[in-house]
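*Asks:* File entry-v2.cif below, mmCIF, C-alpha atoms:
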data_protein
loop_
_atom_site.label_atom_id
_atom_site.label_comp_id
_atom_site.auth_asym_id
_atom_site.auth_seq_id
_atom_site.Cartn_x
_atom_site.Cartn_y
_atom_site.Cartn_z
CA MET A 1 46.50 43.49 5.43
CA ALA A 2 47.24 41.38 2.38
CA LEU A 3 45.99 37.81 2.43
CA THR A 4 48.64 35.12 2.53
CA ILE A 5 48.58 32.21 0.11
CA THR A 6 47.65 29.89 3.01
CA SER A 7 44.68 31.99 4.16
CA THR A 8 43.44 32.43 0.59
CA THR A 9 43.51 28.67 0.09
CA THR A 10 41.64 28.11 3.37
CA ILE A 11 38.90 30.60 2.46
CA THR A 12 38.51 29.08 -0.99
CA THR A 13 38.16 25.60 0.52
CA LEU A 14 35.51 26.79 2.97
CA LEU A 15 33.51 28.51 0.21
CA ILE A 16 33.54 25.40 -1.92
CA SER A 17 32.43 23.32 1.07
CA LEU A 18 29.55 25.70 1.77
CA ILE A 19 28.42 25.60 -1.85
CA PHE A 20 28.21 21.81 -1.87
CA LEU A 21 27.08 21.31 1.74
CA PRO A 22 23.28 21.30 1.06
CA LYS A 23 23.72 18.89 -1.82
CA LEU A 24 25.81 16.52 0.24
CA TYR A 25 23.33 16.45 3.09
CA SER A 26 20.29 16.11 0.82
CA SER A 27 21.45 12.75 -0.51
CA GLU A 28 19.85 9.85 1.32
CA HIS A 29 22.82 7.67 0.47
CA ASN A 30 24.98 9.77 2.82
CA ILE A 31 22.63 9.70 5.80
CA ASP A 32 23.25 7.22 8.58
CA TYR A 33 19.83 6.87 10.16
CA ASP A 34 19.63 6.44 13.91
CA TYR A 35 16.99 3.80 14.72
CA SER A 36 17.73 3.74 18.45
CA SER A 37 15.01 6.26 19.32
CA ILE A 38 12.24 3.78 18.43
CA PRO A 39 11.44 1.24 21.19
CA LYS A 40 11.66 -2.41 20.24
CA SER A 41 7.95 -2.83 20.98
CA ASP A 42 7.19 -0.43 18.11
CA VAL A 43 9.59 -1.78 15.51
CA ASP A 44 7.58 -4.80 14.36
CA LEU A 45 4.38 -2.75 14.09
CA LEU A 46 6.15 -0.11 12.01
CA GLU A 47 7.93 -2.60 9.76
CA PHE A 48 4.96 -4.84 8.98
CA PRO A 49 3.17 -2.19 6.81
CA LEU A 50 6.15 -2.16 4.46
CA ASN A 51 4.65 -5.30 2.92
CA LEU A 52 1.54 -3.39 1.85
CA GLU A 53 3.48 -0.27 0.90
CA PHE A 54 5.71 -2.31 -1.42
CA LEU A 55 2.62 -3.82 -3.03
CA GLU A 56 0.98 -0.44 -3.57
CA ALA A 57 4.16 1.22 -4.84
CA GLU A 58 4.85 -1.50 -7.41
CA PHE A 59 1.24 -1.78 -8.60
CA PHE A 60 0.77 1.97 -8.99
CA LEU A 61 4.21 2.61 -10.51
CA HIS A 62 3.91 -0.16 -13.07
CA GLY A 63 0.29 0.65 -13.82
CA SER A 64 0.94 4.33 -14.53
CA LEU A 65 4.55 4.38 -15.75
CA GLY A 66 5.35 0.87 -16.94
CA TYR A 67 8.23 0.36 -14.50
CA GLY A 68 8.65 0.00 -10.74
CA LEU A 69 10.99 0.57 -7.85
CA ASP A 70 13.91 -1.21 -9.53
CA GLU A 71 14.14 1.73 -11.92
CA PHE A 72 12.62 4.55 -9.89
CA ALA A 73 14.05 3.98 -6.38
CA PRO A 74 16.13 0.77 -6.28
CA ASN A 75 17.67 1.67 -2.92
CA LEU A 76 14.26 1.27 -1.26
CA THR A 77 13.92 -2.37 -2.34
CA LYS A 78 16.86 -3.43 -0.14
CA GLY A 79 17.68 -6.08 -2.73
CA GLY A 80 14.33 -7.85 -2.68
CA PRO A 81 13.15 -9.69 -5.84
CA SER A 82 11.36 -7.88 -8.64
CA PRO A 83 7.57 -8.29 -8.81
CA VAL A 84 6.03 -10.82 -11.16
CA GLY A 85 3.55 -9.89 -13.87
CA ALA A 86 3.25 -6.15 -13.24
CA LYS A 87 2.83 -3.99 -16.33
CA ARG A 88 1.57 -0.67 -17.61
CA ALA A 89 -2.20 -0.38 -17.64
CA ASN A 90 -4.41 0.99 -20.39
CA LEU A 91 -5.47 4.05 -18.41
CA ASP A 92 -7.39 7.11 -19.51
CA PRO A 93 -5.44 10.36 -18.90
CA PHE A 94 -7.37 11.33 -15.74
CA THR A 95 -6.98 7.92 -14.07
CA GLN A 96 -3.33 7.73 -15.09
CA ASP A 97 -2.71 11.10 -13.44
CA ILE A 98 -4.33 9.94 -10.19
CA ILE A 99 -2.50 6.60 -10.13
CA LYS A 100 0.81 8.30 -10.89
CA GLN A 101 0.27 10.57 -7.90
CA PHE A 102 -0.49 7.51 -5.76
CA ALA A 103 2.68 5.83 -7.04
CA PHE A 104 4.95 8.69 -6.03
CA GLN A 105 3.19 8.93 -2.66
CA GLU A 106 3.92 5.27 -1.99
CA VAL A 107 7.60 5.80 -2.73
CA GLY A 108 7.55 8.48 -0.06
CA HIS A 109 5.82 6.13 2.37
CA LEU A 110 8.51 3.49 1.92
CA ARG A 111 11.22 6.08 2.47
CA ALA A 112 9.51 7.50 5.57
CA ILE A 113 9.19 4.08 7.21
CA GLN A 114 12.76 3.11 6.34
CA LYS A 115 14.01 6.35 7.87
CA THR A 116 12.33 5.34 11.13
CA VAL A 117 13.04 1.59 11.30
CA LYS A 118 15.54 -0.57 9.46
CA GLY A 119 12.92 -2.47 7.48
CA PHE A 120 13.50 -5.51 5.27
CA PRO A 121 13.90 -6.46 1.61
CA ARG A 122 10.92 -6.18 -0.71
CA PRO A 123 9.01 -9.50 -0.66
CA LEU A 124 8.27 -11.33 -3.87
CA LEU A 125 5.00 -9.90 -5.24
CA ASP A 126 2.70 -11.53 -7.78
CA LEU A 127 0.92 -8.70 -9.60
CA SER A 128 0.03 -10.74 -12.65
CA VAL A 129 -3.35 -10.80 -14.37
CA ALA A 130 -3.78 -14.36 -13.10
CA SER A 131 -3.23 -13.26 -9.50
CA PHE A 132 -5.94 -10.58 -9.65
CA ALA A 133 -8.26 -12.81 -11.66
CA LYS A 134 -8.03 -15.46 -8.95
CA VAL A 135 -9.12 -12.95 -6.29
CA VAL A 136 -12.07 -11.76 -8.37
CA ASP A 137 -13.13 -15.31 -9.23
CA ARG A 138 -13.10 -16.20 -5.56
CA ALA A 139 -15.15 -13.12 -4.75
CA PHE A 140 -17.84 -14.16 -7.23
CA GLY A 141 -17.63 -17.87 -6.45
CA ARG A 142 -17.07 -18.72 -10.11
CA PRO A 143 -14.57 -18.05 -12.89
CA LEU A 144 -15.32 -14.92 -14.86
CA ALA A 145 -14.92 -15.19 -18.63
CA PRO A 146 -12.66 -13.73 -19.81
CA PRO A 147 -10.49 -13.63 -16.66
CA PHE A 148 -10.50 -10.24 -14.96
CA ASP A 149 -7.56 -8.14 -16.19
CA PRO A 150 -6.66 -5.20 -13.92
CA TYR A 151 -4.50 -3.65 -16.63
CA ALA A 152 -7.14 -3.69 -19.40
CA SER A 153 -8.80 -0.34 -18.63
CA GLY A 154 -9.00 2.54 -16.18
CA LEU A 155 -12.16 1.10 -14.65
CA ASN A 156 -10.57 -2.32 -14.17
CA PHE A 157 -7.49 -0.76 -12.61
CA LEU A 158 -9.63 1.21 -10.14
CA LEU A 159 -11.51 -1.96 -9.19
CA ALA A 160 -8.19 -3.74 -8.64
CA SER A 161 -6.94 -0.74 -6.64
CA TYR A 162 -10.05 -1.04 -4.47
CA LEU A 163 -8.41 -4.18 -3.07
CA ILE A 164 -5.27 -2.52 -1.75
CA PRO A 165 -5.15 0.81 0.19
CA TYR A 166 -8.17 0.01 2.35
CA VAL A 167 -6.50 -3.11 3.75
CA GLY A 168 -3.44 -1.09 4.65
CA LEU A 169 -5.35 1.72 6.32
CA THR A 170 -7.27 -0.67 8.57
CA GLY A 171 -3.88 -2.03 9.63
CA TYR A 172 -2.69 1.46 10.55
CA VAL A 173 -5.86 2.05 12.56
CA GLY A 174 -5.21 -1.19 14.44
CA ALA A 175 -1.52 -0.49 15.05
CA ASN A 176 -1.73 3.09 16.29
CA PRO A 177 -3.05 2.45 19.85
CA LYS A 178 -0.41 -0.24 20.38
CA LEU A 179 2.52 2.08 19.67
CA GLN A 180 4.56 3.61 22.49
CA ALA A 181 6.77 6.35 21.08
CA PRO A 182 5.30 9.70 19.96
CA ALA A 183 7.43 9.50 16.79
CA SER A 184 5.89 6.11 15.95
CA LYS A 185 2.35 7.38 16.50
CA ARG A 186 3.05 10.48 14.43
CA LEU A 187 4.38 8.41 11.53
CA VAL A 188 1.45 6.00 11.52
CA ALA A 189 -1.10 8.81 11.80
CA SER A 190 0.54 10.59 8.88
CA LEU A 191 0.62 7.45 6.74
CA LEU A 192 -2.99 6.68 7.66
CA ALA A 193 -4.10 10.13 6.51
CA VAL A 194 -2.75 9.67 3.00
CA GLU A 195 -3.80 6.01 2.68
CA SER A 196 -7.31 7.02 3.70
CA GLY A 197 -7.27 9.74 1.08
CA GLN A 198 -6.23 7.29 -1.60
CA ASP A 199 -9.00 4.90 -0.64
CA ALA A 200 -11.52 7.74 -0.65
CA ILE A 201 -10.49 8.84 -4.14
CA ILE A 202 -10.72 5.27 -5.45
CA ARG A 203 -14.15 4.78 -3.89
CA ALA A 204 -15.43 8.17 -5.08
CA SER A 205 -14.21 7.49 -8.63
CA LEU A 206 -16.00 4.15 -8.62
CA TYR A 207 -19.10 5.59 -6.93
CA GLU A 208 -19.50 8.01 -9.84
CA ARG A 209 -19.96 4.90 -12.01
CA VAL A 210 -21.63 2.76 -9.37
CA MET A 211 -24.43 1.45 -11.59
CA MET A 212 -22.26 1.12 -14.69
CA LYS A 213 -21.80 -2.44 -15.91
CA VAL A 214 -18.21 -3.57 -16.13
CA PRO A 215 -17.54 -4.87 -19.66
CA PRO A 216 -17.76 -7.58 -20.77
CA TYR A 217 -19.32 -9.12 -17.65
CA GLY A 218 -22.58 -7.20 -17.36
CA ILE A 219 -21.90 -6.85 -13.61
CA THR A 220 -22.27 -3.44 -12.00
CA VAL A 221 -19.47 -1.62 -10.23
CA ALA A 222 -21.64 -1.77 -7.09
CA GLU A 223 -21.73 -5.56 -7.18
CA PHE A 224 -18.00 -5.80 -7.85
CA THR A 225 -17.19 -3.74 -4.75
CA ASP A 226 -19.74 -5.56 -2.64
CA ARG A 227 -18.31 -8.95 -3.60
CA LEU A 228 -14.73 -7.86 -3.00
CA SER A 229 -15.60 -6.41 0.42
CA GLU A 230 -17.50 -9.56 1.36
CA LEU A 231 -14.48 -11.65 0.35
CA ARG A 232 -12.19 -9.60 2.59
CA ASN A 233 -14.60 -10.01 5.50
CA ASN A 234 -14.66 -13.76 4.96
CA LEU A 235 -10.89 -14.11 4.59
CA GLY A 236 -10.15 -11.97 7.64
CA HIS A 237 -12.12 -14.24 9.99
CA ALA A 238 -12.72 -11.31 12.32
CA GLY A 239 -16.25 -10.14 11.64
CA PHE A 240 -17.66 -7.33 9.54
CA LYS A 241 -15.00 -4.74 8.70
CA ASP A 242 -15.60 -4.05 5.04
CA GLU A 243 -18.42 -2.59 2.94
CA GLY A 244 -19.10 -1.98 -0.73
CA LEU A 245 -20.23 1.26 -2.34
CA VAL A 246 -23.95 0.59 -1.82
CA VAL A 247 -25.34 -0.88 1.40
CA PRO A 248 -28.79 -1.55 2.83
CA LEU A 249 -30.25 1.68 4.20
CA VAL A 250 -30.00 0.47 7.78
CA GLU A 251 -26.23 -0.01 7.35
CA GLY A 252 -25.58 3.43 5.87
CA ALA A 253 -24.45 6.47 7.85
CA GLU A 254 -26.96 7.02 10.67
CA GLY A 255 -29.21 4.47 8.98
CA LYS A 256 -30.33 7.20 6.59
CA ILE A 257 -28.59 6.54 3.28
CA SER A 258 -27.52 3.61 1.11
CA GLY A 259 -24.65 5.40 -0.60
CA ASN A 260 -21.41 4.36 1.05
CA VAL A 261 -18.53 6.30 -0.43
CA LEU A 262 -16.57 5.91 2.85
CA VAL A 263 -16.46 2.86 5.10
CA GLY A 264 -17.21 3.14 8.82
CA ASN A 265 -18.98 1.45 11.72
CA ASN A 266 -22.27 2.58 13.28
CA ASP A 267 -20.58 5.79 14.40
CA SER A 268 -18.79 6.21 11.04
CA ILE A 269 -15.50 5.34 12.71
CA ALA A 270 -12.88 3.41 10.74
CA PHE A 271 -12.53 -0.33 11.26
CA GLU A 272 -9.23 -1.82 12.41
CA ARG A 273 -7.38 -4.99 11.51
CA THR A 274 -4.49 -6.93 13.04
CA PRO A 275 -1.45 -8.04 11.00
CA GLU A 276 -2.81 -11.59 11.11
CA GLU A 277 -6.12 -10.51 9.58
CA ILE A 278 -4.25 -8.64 6.85
CA LEU A 279 -2.10 -11.66 6.03
CA ARG A 280 -5.20 -13.85 5.75
CA ILE A 281 -6.58 -11.41 3.19
CA VAL A 282 -3.51 -10.67 1.06
CA TYR A 283 -2.49 -14.35 0.98
CA GLY A 284 -5.91 -15.01 -0.49
CA GLY A 285 -6.67 -18.13 1.52
CA GLY A 286 -7.76 -16.94 4.95
CA ASN A 287 -4.70 -18.44 6.65
CA GLU A 288 -1.78 -16.32 7.90
CA GLN A 289 0.44 -19.43 7.88
CA LYS A 290 -0.08 -20.23 4.21
CA PRO A 291 1.50 -17.83 1.67
CA GLY A 292 -0.19 -17.19 -1.64
CA GLY A 293 -2.12 -14.55 -3.47
CA PHE A 294 -0.03 -11.42 -3.91
CA TYR A 295 2.75 -12.92 -1.72
CA PRO A 296 3.65 -16.33 -3.14
CA LYS A 297 6.59 -16.75 -0.74
CA GLY A 298 5.02 -14.88 2.15
CA ALA A 299 5.36 -11.37 3.51
CA ASN A 300 8.55 -10.21 5.23
CA GLY A 301 9.35 -8.94 8.71
CA ARG A 302 9.28 -10.65 12.10
CA ILE A 303 5.47 -10.67 12.46
CA ALA A 304 4.79 -12.24 9.08
CA ARG A 305 7.68 -14.70 9.23
CA SER A 306 6.76 -15.83 12.72
CA HIS A 307 3.65 -17.46 11.23
CA LEU A 308 5.64 -19.36 8.60
CA HIS A 309 7.16 -22.03 10.83
CA SER A 310 8.25 -24.21 7.94
CA MET A 311 10.06 -21.38 6.12
CA PRO A 312 13.43 -19.75 6.90
CA THR A 313 13.33 -16.38 8.60
CA ALA A 314 13.91 -13.45 6.26
#
Just give me the structure as structure tokens.

*Replies:*
Amino acid sequence: MALTITSTTTITTLLISLIFLPKLYSSEHNIDYDYSSIPKSDVDLLEFPLNLEFLEAEFFLHGSLGYGLDEFAPNLTKGGPSPVGAKRANLDPFTQDIIKQFAFQEVGHLRAIQKTVKGFPRPLLDLSVASFAKVVDRAFGRPLAPPFDPYASGLNFLLASYLIPYVGLTGYVGANPKLQAPASKRLVASLLAVESGQDAIIRASLYERVMMKVPPYGITVAEFTDRLSELRNNLGHAGFKDEGLVVPLVEGAEGKISGNVLVGNNDSIAFERTPEEILRIVYGGGNEQKPGGFYPKGANGRIARSHLHSMPTA
């Protein structure tokens, strides 16, 4: 039977729709995410890590590519302010490759969290040389001369990176047992796996040069990591949850080795931190109620803003 003009038109329309259907559904801009499946008790715990994920994404993107989320994935920023002081680092090819991989992974982390919970705008981040130099000076108890510049070399960038993923992963360890929904636990476990991998790669890369002296300071990589870990312990006000790359023999795995490429307790189990402990560390002053450090106006989300009584809620 011959096809009528009407049926031919209908078939053509359907074929065109089928051709473009995958493309239409692959665009995140056309997806209306359903957040109702996540219980309210989980939402705050899933949103809080966005603060750290934004920090990592911007630092790694700028360090490896010279630009950040505003250019690469502006929809994920939710209109939050651009970071201050971030720039492309002077990286050797191998380190640049690693950091670029980390950068793209962090973009995925932001997207995965925002698919699960609504999230919030990117907080203002201070990723300037002065911001990192202040942390390092505090770790050593004196100003280093010249000020520590995370963007000056691959080694410096790895030392600066040592500050970041580990804090986030301890937060995921602490959050996981408090979550209710299987989807929430699955997300956090998946994020934790990659964050732990990033931290392990950073530590292993530094461990390979553990006795190298960081120019121009004449201070070994081992001492840098030890001082930075000690600073995080002190700022967190919650006991010993951080270790450098070399530890006393008694503190190594099974009390048998001083090399410490991965951090763990007496049973080599990961340490955990609360959101409050994390805020004390990333604010740089040991006080979750006083913004500063990498977050000059404070972190975002209900947990972080609840501690800033004198500031408007984000």

*Asks:* I need the residue set behind the PyMOL selection byres ((chain A and resi 50) around 9) for this file; please write it as number ranges by chain.

*Replies:* A: 46-49, 51-55, 109-110, 113-114, 119-120, 122, 300-301

*Asks:* Taking 5 positions as the minimum chain separation for residues in the same chain, which residues sit within 10 Å of Phe132 in chain A when counting only C-alpha atoms? Answer as a ChimeraX atom specification.

*Replies:* /A:126-127,137-138,147-151,160,163,293-294

*Asks:* Do a neighbour search on Arg302 in chain A at 7 Å with all atoms listed in the file, toss out local chain neighbours closer than 3 positions, and write the hits as a ChimeraX atom specification.

*Replies:* /A:44,305-306

*Asks:* As a check of understanding, name the residues that the PyMOL selection byres ((chain A and resi 107) around 9) selects in the supplied structure, as a short mmCIF file (atom, residue, chain, number, x, y, z; two decimals) with C-alpha atoms, keeping the file's coordinate frame.

*Replies:*
data_model
loop_
_atom_site.label_atom_id
_atom_site.label_comp_id
_atom_site.auth_asym_id
_atom_site.auth_seq_id
_atom_site.Cartn_x
_atom_site.Cartn_y
_atom_site.Cartn_z
CA GLU A 53 3.48 -0.27 0.90
CA PHE A 54 5.71 -2.31 -1.42
CA ALA A 57 4.16 1.22 -4.84
CA LEU A 69 10.99 0.57 -7.85
CA PHE A 72 12.62 4.55 -9.89
CA ALA A 73 14.05 3.98 -6.38
CA LEU A 76 14.26 1.27 -1.26
CA PHE A 102 -0.49 7.51 -5.76
CA ALA A 103 2.68 5.83 -7.04
CA PHE A 104 4.95 8.69 -6.03
CA GLN A 105 3.19 8.93 -2.66
CA GLU A 106 3.92 5.27 -1.99
CA GLY A 108 7.55 8.48 -0.06
CA HIS A 109 5.82 6.13 2.37
CA LEU A 110 8.51 3.49 1.92
CA ARG A 111 11.22 6.08 2.47
CA ALA A 112 9.51 7.50 5.57
#

*Asks:* Written as a list of chain:residue names, what is the full residue list that the PyMOL selection byres ((chain A and resi 203) around 8) yields on the file shown?

*Replies:*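 Selected by the PyMOL selection byres ((chain A and resi 203) around 8) here: A:Tyr162, A:Asp199, A:Ala200, A:Ile201, A:Ile202, A:Ala204, A:Ser205, A:Leu206, A:Tyr207, A:Leu245, A:Val261, A:Leu262.
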
*Asks:* Need to verify the contact set: Gly63 in chain A, 6 Å, all atoms listed in the file, exclusion of same-chain residues closer than 5 positions in sequence. Can you return it as a count of residues only?

*Replies:* 3

*Asks:* Write out as a VMD selection string the residues lying within 6 Å of Ile281 in chain A, counting all atoms listed in the file and excluding same-chain residues fewer than 2 positions away.

*Replies:* chain A and resid 232 235 to 236 278 to 279 283 to 284 286

*Asks:* What would the file look like if the residues just selected were written as an mmCIF file, in the coordinates of the input with C-alpha atoms?

*Replies:*
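again-v7.cif written:
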data_model
loop_
_atom_site.group_PDB
_atom_site.id
_atom_site.type_symbol
_atom_site.label_atom_id
_atom_site.label_comp_id
_atom_site.auth_asym_id
_atom_site.auth_seq_id
_atom_site.Cartn_x
_atom_site.Cartn_y
_atom_site.Cartn_z
ATOM 1 C CA ARG A 232 -12.190 -9.600 2.590
ATOM 2 C CA LEU A 235 -10.890 -14.110 4.590
ATOM 3 C CA GLY A 236 -10.150 -11.970 7.640
ATOM 4 C CA ILE A 278 -4.250 -8.640 6.850
ATOM 5 C CA LEU A 279 -2.100 -11.660 6.030
ATOM 6 C CA TYR A 283 -2.490 -14.350 0.980
ATOM 7 C CA GLY A 284 -5.910 -15.010 -0.490
ATOM 8 C CA GLY A 286 -7.760 -16.940 4.950
#

*Asks:* Measuring atom to atom with all atoms listed in the file, identify which of A:Glu195, A:Glu223, A:Glu71, A:Glu288 is nearest to Leu159 in chain A.

*Replies:*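 With all atoms listed in the file as the atom set, the closest residue is A:Glu223.
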
*Asks:* From the options A:Leu231, A:Val167, A:Val84, A:Leu65, which residue's atoms come nearest to Val263 in chain A, counting all atoms listed in the file?

*Replies:* A:Val167

*Asks:* So which residues touch Leu192 in chain A within 7 Å, counting all atoms listed in the file, skipping near sequence neighbours fewer than 4 positions away, as a list in words?

*Replies:* Leu169, Tyr172, Val188 and Ser196 of chain A
